[in-house]
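Containing CSV, C-alpha atoms: run.csv.
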chain,number,residue,atom,x,y,z
A,1,MET,CA,228.9,16.1,60.0
A,2,PRO,CA,225.5,15.1,58.4
A,3,GLY,CA,223.6,15.4,61.7
A,4,SER,CA,224.8,18.9,62.6
A,5,SER,CA,224.2,20.3,59.0
A,6,ARG,CA,220.6,18.9,59.2
A,7,GLY,CA,220.1,20.8,62.4
A,8,GLN,CA,221.5,24.0,60.9
A,9,MET,CA,219.1,23.6,58.0
A,10,LEU,CA,216.2,23.1,60.4
A,11,VAL,CA,217.1,26.2,62.5
A,12,ALA,CA,217.5,28.3,59.3
A,13,ALA,CA,214.1,27.0,58.0
A,14,ALA,CA,212.5,27.8,61.3
A,15,LEU,CA,214.0,31.4,61.3
A,16,ILE,CA,212.9,32.0,57.7
A,17,LEU,CA,209.4,30.7,58.5
A,18,GLY,CA,209.2,32.9,61.6
A,19,LEU,CA,210.2,35.9,59.6
A,20,PHE,CA,207.7,35.1,56.9
A,21,VAL,CA,204.9,34.7,59.5
A,22,MET,CA,205.9,38.0,61.2
A,23,SER,CA,205.9,39.9,58.0
A,24,LEU,CA,202.5,38.5,57.2
A,25,LEU,CA,201.2,39.7,60.6
A,26,VAL,CA,202.7,43.2,60.1
A,27,ALA,CA,201.2,43.4,56.6
A,28,ALA,CA,197.8,42.4,58.0
A,29,TYR,CA,198.0,45.0,60.7
A,30,GLN,CA,199.0,47.7,58.3
A,31,THR,CA,196.1,46.9,56.0
A,32,HIS,CA,193.7,47.0,58.9
A,33,ALA,CA,195.1,50.3,60.1
A,34,LEU,CA,194.9,51.7,56.6
A,35,PHE,CA,191.4,50.5,56.3
A,36,LEU,CA,190.4,52.1,59.6
A,37,GLN,CA,192.1,55.3,58.6
A,38,ALA,CA,190.4,55.4,55.2
A,39,ARG,CA,187.0,54.4,56.4
A,40,SER,CA,186.8,56.5,59.6
A,41,VAL,CA,183.4,57.7,60.7
A,42,VAL,CA,184.9,61.2,61.1
A,43,PRO,CA,183.7,61.9,64.7
A,44,ARG,CA,184.5,65.6,64.6
A,45,GLU,CA,182.1,66.1,61.7
A,46,VAL,CA,179.4,63.9,63.3
A,47,ALA,CA,179.7,65.7,66.6
A,48,GLY,CA,179.7,69.1,64.8
A,49,ALA,CA,176.6,68.2,62.9
A,50,ILE,CA,174.7,67.1,66.0
A,51,THR,CA,175.8,70.1,67.9
A,52,ALA,CA,174.8,72.5,65.1
A,53,ASP,CA,171.4,70.9,65.0
A,54,PHE,CA,171.0,71.2,68.8
A,55,ASN,CA,171.7,74.9,68.4
A,56,ARG,CA,169.1,75.1,65.7
A,57,ALA,CA,166.5,73.3,67.9
A,58,LEU,CA,167.3,75.7,70.8
A,59,ALA,CA,167.1,78.7,68.5
A,60,THR,CA,163.7,77.5,67.2
A,61,MET,CA,162.3,77.1,70.7
A,62,LEU,CA,163.6,80.6,71.6
A,63,ALA,CA,162.0,82.0,68.5
A,64,LEU,CA,158.7,80.3,69.4
A,65,ALA,CA,158.8,81.7,73.0
A,66,THR,CA,159.6,85.2,71.9
A,67,ARG,CA,157.0,85.2,69.1
A,68,SER,CA,154.3,83.7,71.2
A,69,TYR,CA,155.0,86.1,74.0
A,70,TYR,CA,155.2,89.2,71.8
A,71,ASP,CA,152.3,88.5,69.5
A,72,HIS,CA,151.0,84.9,69.2
A,73,SER,CA,148.4,85.5,66.6
A,74,ARG,CA,150.6,87.6,64.2
A,75,PHE,CA,153.0,84.7,63.9
A,76,SER,CA,150.3,82.0,64.0
A,77,ASP,CA,151.9,80.1,61.0
A,78,PHE,CA,154.6,79.1,63.4
A,79,THR,CA,153.0,79.4,66.9
A,80,SER,CA,149.7,77.7,66.3
A,81,ARG,CA,151.5,74.5,65.3
A,82,PHE,CA,152.7,74.2,68.9
A,83,GLU,CA,149.4,74.8,70.6
A,84,GLU,CA,148.8,71.1,70.7
A,85,TYR,CA,152.1,70.8,72.7
A,86,GLY,CA,150.4,73.1,75.3
A,87,LEU,CA,151.6,76.5,74.1
A,88,ILE,CA,149.5,79.3,75.6
A,89,PRO,CA,149.7,82.8,74.0
A,90,ARG,CA,151.8,85.3,76.0
A,91,ASP,CA,152.7,82.6,78.6
A,92,LEU,CA,156.4,82.1,79.0
A,93,GLU,CA,156.1,79.1,81.3
A,94,SER,CA,154.1,77.1,78.7
A,95,ALA,CA,156.7,78.0,76.1
A,96,LYS,CA,159.4,76.6,78.3
A,97,ALA,CA,157.4,73.4,78.8
A,98,VAL,CA,157.0,73.1,75.0
A,99,ALA,CA,160.8,73.6,74.6
A,100,TYR,CA,161.5,70.8,77.1
A,101,ARG,CA,159.2,68.4,75.2
A,102,TYR,CA,160.6,69.5,71.8
A,103,LEU,CA,164.2,69.0,72.8
A,104,ASN,CA,163.5,65.6,74.3
A,105,GLU,CA,161.8,64.6,71.0
A,106,TRP,CA,164.8,65.9,69.1
A,107,ILE,CA,167.0,63.6,71.3
A,108,LYS,CA,164.8,60.7,70.3
A,109,VAL,CA,165.3,61.6,66.6
A,110,GLN,CA,169.1,61.8,67.0
A,111,LYS,CA,169.2,58.3,68.6
A,112,ILE,CA,167.2,56.9,65.6
A,113,VAL,CA,169.1,58.6,62.8
A,114,TYR,CA,172.6,58.0,64.2
A,115,ALA,CA,171.8,54.5,65.6
A,116,GLU,CA,174.6,52.9,63.5
A,117,TYR,CA,177.2,55.0,65.3
A,118,GLY,CA,175.9,54.1,68.7
A,119,VAL,CA,175.1,57.8,69.5
A,120,GLN,CA,174.1,58.6,73.1
A,121,VAL,CA,172.9,62.1,73.5
A,122,SER,CA,171.3,64.1,76.3
A,123,TRP,CA,171.0,67.7,77.4
A,124,GLN,CA,170.8,69.6,80.6
A,125,LEU,CA,170.2,73.2,81.8
A,126,CYS,CA,173.0,75.7,82.2
A,127,ALA,CA,173.3,79.4,82.9
A,128,SER,CA,175.4,82.1,81.2
A,129,PRO,CA,175.8,85.8,81.7
A,130,LEU,CA,174.1,88.1,79.2
A,131,PRO,CA,176.3,90.0,76.7
A,132,ARG,CA,177.2,93.6,77.8
A,133,ASN,CA,175.3,92.9,81.1
A,134,PRO,CA,177.3,90.3,83.0
A,135,GLN,CA,175.5,90.7,86.3
A,136,VAL,CA,172.4,89.1,84.8
A,137,TYR,CA,172.4,85.4,83.9
A,138,ALA,CA,170.2,83.6,81.4
A,139,TYR,CA,168.9,80.5,83.1
A,140,ASP,CA,165.9,78.1,83.1
A,141,LEU,CA,166.2,77.2,79.4
A,142,VAL,CA,164.5,80.3,78.0
A,143,PHE,CA,165.1,83.8,79.4
A,144,LEU,CA,163.5,87.0,78.2
A,145,TYR,CA,164.9,90.3,79.5
A,146,TRP,CA,163.1,93.0,77.6
A,147,ASN,CA,162.6,96.7,77.9
A,148,ARG,CA,165.2,97.2,80.6
A,149,THR,CA,167.2,100.2,81.5
A,150,LEU,CA,170.8,99.5,82.7
A,151,ASP,CA,173.3,101.8,84.5
A,152,TYR,CA,174.0,105.1,82.7
A,153,GLY,CA,170.5,104.9,81.1
A,154,ILE,CA,171.3,102.3,78.6
A,155,SER,CA,168.2,100.8,77.1
A,156,TYR,CA,168.6,97.1,76.8
A,157,GLY,CA,166.8,94.0,75.7
A,158,ALA,CA,167.9,90.3,75.5
A,159,SER,CA,166.3,87.0,74.5
A,160,TYR,CA,168.4,83.9,75.3
A,161,ALA,CA,168.3,80.2,75.6
A,162,CYS,CA,171.0,78.2,77.3
A,163,ALA,CA,171.5,74.4,77.5
A,164,GLN,CA,174.4,72.0,77.5
A,165,LEU,CA,174.6,69.1,75.0
A,166,GLN,CA,176.2,65.8,76.1
A,167,LEU,CA,177.3,63.4,73.4
A,168,ASN,CA,179.0,60.0,73.2
A,169,ILE,CA,179.6,58.1,69.9
A,170,THR,CA,180.2,54.7,71.4
A,171,ASN,CA,181.0,52.7,68.2
A,172,ILE,CA,184.1,54.7,67.6
A,173,GLY,CA,185.1,55.3,71.2
A,174,PHE,CA,184.2,59.0,71.2
A,175,TYR,CA,183.0,59.9,74.8
A,176,HIS,CA,182.1,62.8,77.0
A,177,TRP,CA,181.7,65.5,74.4
A,178,THR,CA,179.9,68.5,75.9
A,179,SER,CA,178.9,71.8,74.4
A,180,ASN,CA,177.3,74.8,76.0
A,181,SER,CA,174.8,76.3,73.6
A,182,PHE,CA,174.1,79.9,74.4
A,183,ILE,CA,171.7,81.2,71.7
A,184,GLY,CA,170.0,84.5,71.5
A,185,LEU,CA,169.8,88.1,70.5
A,186,THR,CA,170.7,91.4,72.4
A,187,LEU,CA,169.4,94.8,71.5
A,188,ILE,CA,170.8,98.0,72.8
A,189,ILE,CA,169.3,101.4,72.0
A,190,ASP,CA,172.3,103.7,72.1
A,191,ASP,CA,170.6,107.0,71.3
A,192,VAL,CA,167.3,108.4,70.1
A,193,ILE,CA,167.4,111.9,68.5
A,194,ASP,CA,164.4,113.9,67.7
A,195,GLN,CA,164.9,115.9,64.5
A,196,GLU,CA,162.8,118.3,62.6
A,197,ASP,CA,161.2,115.8,60.2
A,198,LYS,CA,162.3,112.4,61.6
A,199,ILE,CA,163.4,110.5,64.6
A,200,GLN,CA,166.8,108.9,64.4
A,201,ILE,CA,167.5,105.8,66.5
A,202,LYS,CA,170.9,104.3,67.0
A,203,ILE,CA,170.9,100.7,68.0
A,204,THR,CA,173.4,97.8,68.5
A,205,VAL,CA,172.4,94.2,67.8
A,206,LEU,CA,174.5,91.3,69.2
A,207,SER,CA,174.0,87.6,68.5
A,208,ASP,CA,174.6,84.6,70.7
A,209,ASN,CA,177.7,85.2,72.9
A,210,GLY,CA,177.9,88.8,71.9
A,211,THR,CA,179.0,88.5,68.3
A,212,TYR,CA,178.0,91.6,66.2
A,213,TYR,CA,174.9,90.9,64.2
A,214,GLY,CA,175.3,92.3,60.7
A,215,LEU,CA,172.5,90.6,58.8
A,216,LEU,CA,169.6,92.7,60.0
A,217,LEU,CA,169.1,94.4,56.7
A,218,VAL,CA,169.6,91.2,54.6
A,219,LYS,CA,167.9,88.5,56.7
A,220,GLY,CA,166.4,90.0,59.8
A,221,SER,CA,163.8,92.7,60.4
A,222,VAL,CA,163.4,95.8,62.5
A,223,GLU,CA,160.2,97.7,63.5
A,224,VAL,CA,159.8,100.9,65.5
A,225,TYR,CA,156.9,102.0,67.5
A,226,LEU,CA,156.3,105.5,69.0
A,227,LEU,CA,154.4,106.2,72.1
A,228,THR,CA,152.1,109.1,71.4
A,229,ASP,CA,149.0,110.0,73.5
A,230,ASP,CA,149.5,106.8,75.6
A,231,MET,CA,149.2,104.7,72.5
A,232,TRP,CA,151.9,102.7,70.7
A,233,GLU,CA,151.8,103.4,66.9
A,234,LYS,CA,154.0,101.8,64.4
A,235,ALA,CA,156.3,104.3,62.8
A,236,GLN,CA,157.1,104.4,59.1
A,237,THR,CA,160.7,103.5,58.6
A,238,LYS,CA,162.4,105.9,56.2
A,239,ASP,CA,165.9,104.5,56.2
A,240,VAL,CA,168.1,101.9,57.9
A,241,THR,CA,171.9,102.1,57.7
A,242,TYR,CA,174.4,99.5,58.8
A,243,GLU,CA,177.5,101.2,60.3
A,244,GLY,CA,179.4,98.0,61.1
A,245,LEU,CA,180.1,96.2,64.4
A,246,GLY,CA,176.4,95.5,64.9
A,247,ARG,CA,175.5,99.2,64.9
A,248,TYR,CA,172.5,100.5,62.9
A,249,THR,CA,170.9,103.9,62.4
A,250,ILE,CA,167.2,103.9,61.8
A,251,ALA,CA,165.3,106.9,60.6
A,252,VAL,CA,161.5,107.0,61.1
A,253,SER,CA,158.9,109.5,60.0
A,254,LYS,CA,157.3,111.6,62.7
A,255,ASP,CA,153.9,113.2,62.9
A,256,SER,CA,154.4,116.9,63.3
A,257,GLN,CA,151.0,117.2,65.0
A,258,LYS,CA,151.8,114.7,67.7
A,259,SER,CA,154.7,114.6,70.1
A,260,ALA,CA,156.2,111.1,70.7
A,261,ARG,CA,157.6,110.5,74.2
A,262,GLU,CA,159.1,107.1,73.9
A,263,VAL,CA,160.3,104.7,71.2
A,264,LEU,CA,160.0,100.9,71.1
A,265,VAL,CA,162.3,98.9,68.8
A,266,VAL,CA,161.5,95.3,67.9
A,267,VAL,CA,164.3,93.3,66.2
A,268,SER,CA,164.1,89.9,64.7
A,269,ASP,CA,167.1,87.9,63.4
A,270,ASP,CA,167.1,85.3,60.6
A,271,ARG,CA,166.2,82.5,63.1
A,272,GLY,CA,163.0,84.3,64.1
A,273,ILE,CA,164.2,85.3,67.5
A,274,LEU,CA,162.6,88.6,68.7
A,275,VAL,CA,164.0,91.1,71.2
A,276,LEU,CA,162.5,94.4,72.4
A,277,ALA,CA,163.9,97.5,73.9
A,278,ARG,CA,162.5,101.0,74.6
A,279,LYS,CA,163.9,104.4,75.3
A,280,GLU,CA,162.6,107.9,76.0
A,281,ILE,CA,163.0,110.4,73.2
A,282,ARG,CA,165.7,113.0,73.7
A,283,GLY,CA,164.5,116.5,72.6
A,284,ARG,CA,165.9,118.5,69.8
A,285,GLY,CA,167.6,120.7,72.3
A,286,GLY,CA,169.6,117.7,73.4
A,287,GLY,CA,167.9,117.5,76.8
B,288,MET,CA,193.8,45.0,34.4
B,289,ARG,CA,192.1,47.3,36.9
B,290,SER,CA,194.5,49.1,39.2
B,291,ILE,CA,194.2,48.3,42.9
B,292,TYR,CA,194.3,51.3,45.2
B,293,LEU,CA,192.3,52.5,48.2
B,294,ARG,CA,190.7,56.0,48.3
B,295,GLU,CA,190.3,57.6,51.7
B,296,VAL,CA,186.6,57.8,51.7
B,297,GLY,CA,186.6,59.4,55.2
B,298,ASP,CA,187.3,62.5,53.1
B,299,LEU,CA,184.0,61.9,51.4
B,300,ARG,CA,182.2,62.0,54.7
B,301,ARG,CA,184.0,65.3,55.6
B,302,LEU,CA,183.1,66.7,52.3
B,303,ALA,CA,179.4,65.6,52.7
B,304,TYR,CA,179.1,67.1,56.2
B,305,ASN,CA,180.7,70.3,55.1
B,306,LEU,CA,178.4,70.6,52.1
B,307,LEU,CA,175.3,69.8,54.3
B,308,ASN,CA,176.4,72.4,56.9
B,309,ASN,CA,176.9,75.0,54.3
B,310,LEU,CA,173.5,74.4,52.7
B,311,ALA,CA,171.9,74.4,56.2
B,312,GLU,CA,173.6,77.7,57.1
B,313,ALA,CA,172.3,79.3,53.9
B,314,GLY,CA,168.7,78.2,54.7
B,315,VAL,CA,168.4,76.1,51.6
B,316,PHE,CA,166.5,73.2,53.2
B,317,GLU,CA,163.8,75.5,54.6
B,318,ARG,CA,163.1,76.9,51.2
B,319,VAL,CA,163.3,73.4,49.6
B,320,PHE,CA,160.9,72.0,52.2
B,321,ASP,CA,158.4,74.9,51.7
B,322,SER,CA,158.5,74.3,47.9
B,323,ALA,CA,158.0,70.6,48.4
B,324,ARG,CA,155.0,71.1,50.6
B,325,SER,CA,153.4,73.7,48.3
B,326,GLY,CA,153.5,71.2,45.4
B,327,ASP,CA,156.3,72.9,43.4
B,328,ILE,CA,157.6,70.1,41.1
B,329,GLY,CA,160.9,71.8,40.3
B,330,TRP,CA,162.5,71.8,43.7
B,331,GLU,CA,164.3,68.5,43.3
B,332,GLY,CA,166.0,69.7,40.1
B,333,ARG,CA,167.1,72.9,41.7
B,334,LEU,CA,168.5,71.1,44.7
B,335,ARG,CA,170.3,68.6,42.4
B,336,MET,CA,172.0,71.5,40.5
B,337,LEU,CA,173.0,73.1,43.8
B,338,VAL,CA,174.5,70.0,45.2
B,339,ALA,CA,176.3,69.1,42.0
B,340,ALA,CA,177.7,72.6,41.6
B,341,ASN,CA,179.2,72.3,45.1
B,342,LEU,CA,180.9,68.9,44.6
B,343,PRO,CA,184.2,68.3,42.8
B,344,PRO,CA,183.9,66.9,39.3
B,345,GLY,CA,184.0,63.1,39.2
B,346,LEU,CA,181.9,62.5,42.2
B,347,VAL,CA,178.4,61.2,42.0
B,348,PHE,CA,175.8,61.6,44.7
B,349,ARG,CA,172.3,60.6,45.8
B,350,MET,CA,170.3,62.6,48.3
B,351,GLU,CA,167.1,61.6,50.1
B,352,ILE,CA,165.1,64.0,52.2
B,353,TYR,CA,162.5,63.0,54.9
B,354,ASN,CA,160.2,65.0,57.1
B,355,VAL,CA,160.5,63.6,60.6
B,356,LEU,CA,157.0,63.3,62.2
B,357,ILE,CA,156.6,62.7,65.9
B,358,LEU,CA,153.2,61.2,66.5
B,359,GLY,CA,151.0,61.7,69.6
B,360,ASP,CA,152.2,58.5,71.2
B,361,GLY,CA,155.8,59.6,70.8
B,362,THR,CA,156.7,57.3,67.9
B,363,VAL,CA,158.9,58.8,65.2
B,364,GLN,CA,157.9,58.4,61.5
B,365,LEU,CA,159.8,59.4,58.4
B,366,LYS,CA,157.9,60.8,55.5
B,367,ARG,CA,159.9,60.9,52.3
B,368,LEU,CA,159.7,64.2,50.4
B,369,ASP,CA,161.7,63.6,47.3
B,370,GLY,CA,160.9,61.3,44.4
B,371,GLY,CA,164.5,60.0,44.0
B,372,MET,CA,165.5,62.8,41.5
B,373,ILE,CA,168.1,64.4,43.7
B,374,THR,CA,171.0,62.6,42.1
B,375,ASN,CA,173.5,63.1,39.2
B,376,MET,CA,173.9,59.4,38.6
B,377,ASN,CA,172.9,58.0,35.3
B,378,PRO,CA,170.5,55.0,35.4
B,379,GLY,CA,172.4,51.7,35.6
B,380,VAL,CA,175.6,53.2,37.0
B,381,ASP,CA,176.7,51.9,40.4
B,382,LEU,CA,178.3,53.8,43.1
B,383,SER,CA,181.7,52.5,44.2
B,384,GLU,CA,183.7,53.4,47.3
B,385,SER,CA,180.8,55.4,48.4
B,386,GLU,CA,180.0,56.8,51.8
B,387,ALA,CA,176.6,57.7,53.3
B,388,VAL,CA,176.2,60.4,55.8
B,389,HIS,CA,173.1,61.1,58.0
B,390,TYR,CA,172.1,64.6,58.9
B,391,THR,CA,169.2,66.1,60.8
B,392,LEU,CA,168.1,69.6,60.4
B,393,VAL,CA,165.7,71.6,62.6
B,394,CYS,CA,164.2,74.3,60.3
B,395,THR,CA,165.1,77.7,61.8
B,396,ARG,CA,165.0,80.1,58.9
B,397,ASP,CA,162.0,81.7,57.1
B,398,PRO,CA,159.3,81.0,56.3
B,399,ASP,CA,157.4,80.7,59.5
B,400,SER,CA,155.3,77.9,58.1
B,401,VAL,CA,158.3,75.4,58.2
B,402,ARG,CA,160.0,76.7,61.3
B,403,GLY,CA,160.4,74.0,63.9
B,404,GLU,CA,159.9,71.1,61.5
B,405,ILE,CA,162.6,68.4,61.6
B,406,LEU,CA,164.2,67.0,58.4
B,407,TYR,CA,166.4,63.9,58.0
B,408,ILE,CA,168.8,64.0,55.1
B,409,LEU,CA,170.7,61.1,53.7
B,410,LEU,CA,173.5,61.9,51.3
B,411,VAL,CA,175.5,59.2,49.6
B,412,ILE,CA,178.7,60.4,47.8
B,413,GLY,CA,181.0,58.2,45.8
B,414,TYR,CA,182.7,57.4,42.5
B,415,ALA,CA,180.9,56.0,39.5
B,416,GLY,CA,181.8,52.3,39.4

Give the structure from the file, written as structure tokens.
Amino acid sequence: MPGSSRGQMLVAAALILGLFVMSLLVAAYQTHALFLQARSVVPREVAGAITADFNRALATMLALATRSYYDHSRFSDFTSRFEEYGLIPRDLESAKAVAYRYLNEWIKVQKIVYAEYGVQVSWQLCASPLPRNPQVYAYDLVFLYWNRTLDYGISYGASYACAQLQLNITNIGFYHWTSNSFIGLTLIIDDVIDQEDKIQIKITVLSDNGTYYGLLLVKGSVEVYLLTDDMWEKAQTKDVTYEGLGRYTIAVSKDSQKSAREVLVVVSDDRGILVLARKEIRGRGGG
Amino acid sequence: MRSIYLREVGDLRRLAYNLLNNLAEAGVFERVFDSARSGDIGWEGRLRMLVAANLPPGLVFRMEIYNVLILGDGTVQLKRLDGGMITNMNPGVDLSESEAVHYTLVCTRDPDSVRGEILYILLVIGYAG
């Protein structure tokens, strides 16, 4: 019948049209998904870059605090630039105040640089136990724990900064990223041996969370001071050997006329963080 | 007729961030900044070679480096350090399917004279169109 065949044609046409529209929608969706995949902002890399720079900012402020506290004028190329921030030589509290201001300014820079990603970034204080000395916590942003003697006579020094970074990248739906930054340097004097013509010092250097620091000879520095006649004198370093796992042996010259009672070791890593530890010198007889 | 295909330029961003992280870890930008401040005119060429050597062949790039200055009233100012020479693009060649990445770097390595300064680095990587 002519009427029913026209109806069948209409139904068939509507079905074909529907399939065509649906395939168009699927194609459009796939193109959009492919575009998003191909043009992604790579949140992992962005978050990684911001976190790495926060660690650098924290390390720089720790370096500033340690250098100013140890010898402000000697490192004046660095320390004097922060005097207008309120840095006072040998004053840890002023160094902490400078670090607060600097980190807040760093936050402001991040918001400007990453504005197109809708970055929201902030930081807060945190606390973390010191490597090889878990009873003691680093807190209050910058924490110096120098020239200490632990149980069993272990000579120990630590310089640490601890803060938590909080990050959102709102334009790509990346929220609640937090990262605890624990930055610093640990120095342990394992042994000091008085020999005929030299003094041998065995030390262990750890970085950040207790990672062995093996770059002391390449990028860091080490200085040794001897206490003779109630005065600290810089010793002439004859040799430094890296023995792996963060352990070094330092040989320094000794003055045969004077008898040194104590040794002070000052270590700096490649980020400029200083740490100090001191230990009494063991006699040649092993006493 | 030019073929129509889509390159995944998200990979370019990953590549750019990895490259910048590696250069930062090696302390390259501190030395570059120190050279730029001391008036050394060759630093842009050296950095161009370093970046070009670390990118796969066929990619072109342009890098801009700024010193971030924070003024007394808290405003942030960007002072461009380079003269537009950190690029391997020939004049008149356009970038196609390019990606720009932003990177900030707090100078932590030696020398002491640059420690604590903040740099802003803009790296554009793409294909010559």

Give one line per residue of chain A that approaches chain B to at most 8 Å, naming the two atoms of the closest pair and their distance in Å to one decimal, counting all atoms listed in the file; sort by chain then ascending residue number and deliver it as a tab-separated table.
residue	atom	partner	partner_atom	distance
A:Gln37	CA	B:Glu295	CA	7.5
A:Ala38	CA	B:Glu295	CA	4.1
A:Arg39	CA	B:Gly297	CA	5.2
A:Ser40	CA	B:Gly297	CA	5.3
A:Val41	CA	B:Gly297	CA	6.6
A:Val42	CA	B:Gly297	CA	6.4
A:Glu45	CA	B:Tyr304	CA	6.3
A:Val46	CA	B:Tyr304	CA	7.8
A:Ala49	CA	B:Tyr390	CA	7.0
A:Ile50	CA	B:Thr391	CA	7.6
A:Asp53	CA	B:Leu392	CA	5.8
A:Arg56	CA	B:Val393	CA	5.8
A:Ala57	CA	B:Val393	CA	5.6
A:Ala59	CA	B:Thr395	CA	7.1
A:Thr60	CA	B:Thr395	CA	5.6
A:Met61	CA	B:Gly403	CA	7.7
A:Phe75	CA	B:Asp399	CA	7.4
A:Asp77	CA	B:Ser400	CA	5.0
A:Phe78	CA	B:Asp399	CA	5.1
A:Glu105	CA	B:Ile357	CA	7.5
A:Val109	CA	B:Val363	CA	7.1
A:Gln110	CA	B:Thr391	CA	7.5
A:Val113	CA	B:His389	CA	6.7
A:Tyr114	CA	B:His389	CA	6.9
A:Asp270	CA	B:Arg396	CA	5.9
A:Arg271	CA	B:Arg396	CA	5.0
A:Gly272	CA	B:Arg396	CA	7.0

TODO: Would you mind reading off the distance between CA of Lys108 in chain A and CA of Gln120 in chain A, one decimal, in Å?
DONE: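 The value is 9.9 Å.
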
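What separates CA of Glu223 in chain A from CA of Val265 in chain A is a distance of 5.8 Å.
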
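With only C-alpha atoms as the atoms that count, the minimum distance from Ala95 in chain A to the choices A:Leu34, A:Leu25, A:Leu64, A:Ile112 is reached by A:Leu64.
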
Task: Straight-line distance linking CA of Arg349 in chain B with CA of Asn171 in chain A, stated in Å to one decimal - done: 25.3 Å

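Of the residues listed (B:Ile352, B:Ala387, B:Met336, B:Leu358), B:Met336 shows the shortest atom-to-atom separation from Asn375 in chain B; distances use all atoms listed in the file.
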
TODO: Pick out the residues sitting within 7 Å of Ser259 in chain A, and hand them over as a ChimeraX atom specification; count all atoms listed in the file, and ignore anything fewer than 2 positions along from it in its own chain.
DONE: /A:228,257,261

TODO: May I have the residues at most 10 Å from (173.4, 72.9, 75.5) in the file's coordinates, counting all atoms listed in the file, as number ranges by chain?
DONE: A: 51, 54-55, 58, 122-127, 141, 161-166, 178-183

Open item on the list: When you look at Arg335 in chain B with a cut-off of 8 Å (counting only C-alpha atoms), what residues show up, excluding the ones that are within fewer than 4 positions of it in the same chain? I need them as a VMD selection string.
Closed with: chain B and resid 331 339 372 to 375

TODO: Go through A:Gly214, A:Ile154, A:Lys202, A:Glu233 one by one, measure the shortest atom-to-atom distance of each to Ser253 in chain A using all atoms listed in the file, and give the residue with the smallest value.
DONE: A:Glu233

Task: Expected residue set, 12 Å radius at (158.0, 80.8, 77.6), all atoms listed in the file, as a PyMOL selection string - done: chain A and resi 61-70+72+79+86-100+140-145+159-161

For the selection just defined, write its residues with C-alpha atoms to a file, as an mmCIF file, in the frame of the given file.
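Result saved to selection-v7.cif:
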data_model
loop_
_atom_site.group_PDB
_atom_site.id
_atom_site.type_symbol
_atom_site.label_atom_id
_atom_site.label_comp_id
_atom_site.auth_asym_id
_atom_site.auth_seq_id
_atom_site.Cartn_x
_atom_site.Cartn_y
_atom_site.Cartn_z
ATOM 1 C CA MET A 61 162.300 77.100 70.700
ATOM 2 C CA LEU A 62 163.600 80.600 71.600
ATOM 3 C CA ALA A 63 162.000 82.000 68.500
ATOM 4 C CA LEU A 64 158.700 80.300 69.400
ATOM 5 C CA ALA A 65 158.800 81.700 73.000
ATOM 6 C CA THR A 66 159.600 85.200 71.900
ATOM 7 C CA ARG A 67 157.000 85.200 69.100
ATOM 8 C CA SER A 68 154.300 83.700 71.200
ATOM 9 C CA TYR A 69 155.000 86.100 74.000
ATOM 10 C CA TYR A 70 155.200 89.200 71.800
ATOM 11 C CA HIS A 72 151.000 84.900 69.200
ATOM 12 C CA THR A 79 153.000 79.400 66.900
ATOM 13 C CA GLY A 86 150.400 73.100 75.300
ATOM 14 C CA LEU A 87 151.600 76.500 74.100
ATOM 15 C CA ILE A 88 149.500 79.300 75.600
ATOM 16 C CA PRO A 89 149.700 82.800 74.000
ATOM 17 C CA ARG A 90 151.800 85.300 76.000
ATOM 18 C CA ASP A 91 152.700 82.600 78.600
ATOM 19 C CA LEU A 92 156.400 82.100 79.000
ATOM 20 C CA GLU A 93 156.100 79.100 81.300
ATOM 21 C CA SER A 94 154.100 77.100 78.700
ATOM 22 C CA ALA A 95 156.700 78.000 76.100
ATOM 23 C CA LYS A 96 159.400 76.600 78.300
ATOM 24 C CA ALA A 97 157.400 73.400 78.800
ATOM 25 C CA VAL A 98 157.000 73.100 75.000
ATOM 26 C CA ALA A 99 160.800 73.600 74.600
ATOM 27 C CA TYR A 100 161.500 70.800 77.100
ATOM 28 C CA ASP A 140 165.900 78.100 83.100
ATOM 29 C CA LEU A 141 166.200 77.200 79.400
ATOM 30 C CA VAL A 142 164.500 80.300 78.000
ATOM 31 C CA PHE A 143 165.100 83.800 79.400
ATOM 32 C CA LEU A 144 163.500 87.000 78.200
ATOM 33 C CA TYR A 145 164.900 90.300 79.500
ATOM 34 C CA SER A 159 166.300 87.000 74.500
ATOM 35 C CA TYR A 160 168.400 83.900 75.300
ATOM 36 C CA ALA A 161 168.300 80.200 75.600
#

Open item on the list: If we count only C-alpha atoms and set the cut-off at 8 Å, which residues sit around Gly220 in chain A, ignoring sequence neighbours fewer than 2 positions away in its own chain? Please answer as a ChimeraX atom specification.
Closed with: /A:215-218,222,267-270,272

Export: range 6-10 of chain A, N, CA and C atoms, as a PDB file, in the first residue's frame:
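Below is the file decode_24.pdb, written as the result:
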ATOM      1  N   ARG A   6       5.256   4.722   2.379  1.00  0.00           N
ATOM      2  CA  ARG A   6       5.769   6.068   2.675  1.00  0.00           C
ATOM      3  C   ARG A   6       6.175   6.168   4.149  1.00  0.00           C
ATOM      4  N   GLY A   7       5.356   5.552   4.998  1.00  0.00           N
ATOM      5  CA  GLY A   7       5.663   5.552   6.431  1.00  0.00           C
ATOM      6  C   GLY A   7       6.963   4.817   6.718  1.00  0.00           C
ATOM      7  N   GLN A   8       7.139   3.664   6.030  1.00  0.00           N
ATOM      8  CA  GLN A   8       8.388   2.898   6.226  1.00  0.00           C
ATOM      9  C   GLN A   8       9.604   3.723   5.798  1.00  0.00           C
ATOM     10  N   MET A   9       9.426   4.451   4.678  1.00  0.00           N
ATOM     11  CA  MET A   9      10.517   5.297   4.180  1.00  0.00           C
ATOM     12  C   MET A   9      10.868   6.378   5.197  1.00  0.00           C
ATOM     13  N   LEU A  10       9.812   6.939   5.790  1.00  0.00           N
ATOM     14  CA  LEU A  10      10.033   8.012   6.773  1.00  0.00           C
ATOM     15  C   LEU A  10      10.779   7.488   8.002  1.00  0.00           C
TER      16      LEU A  10
END
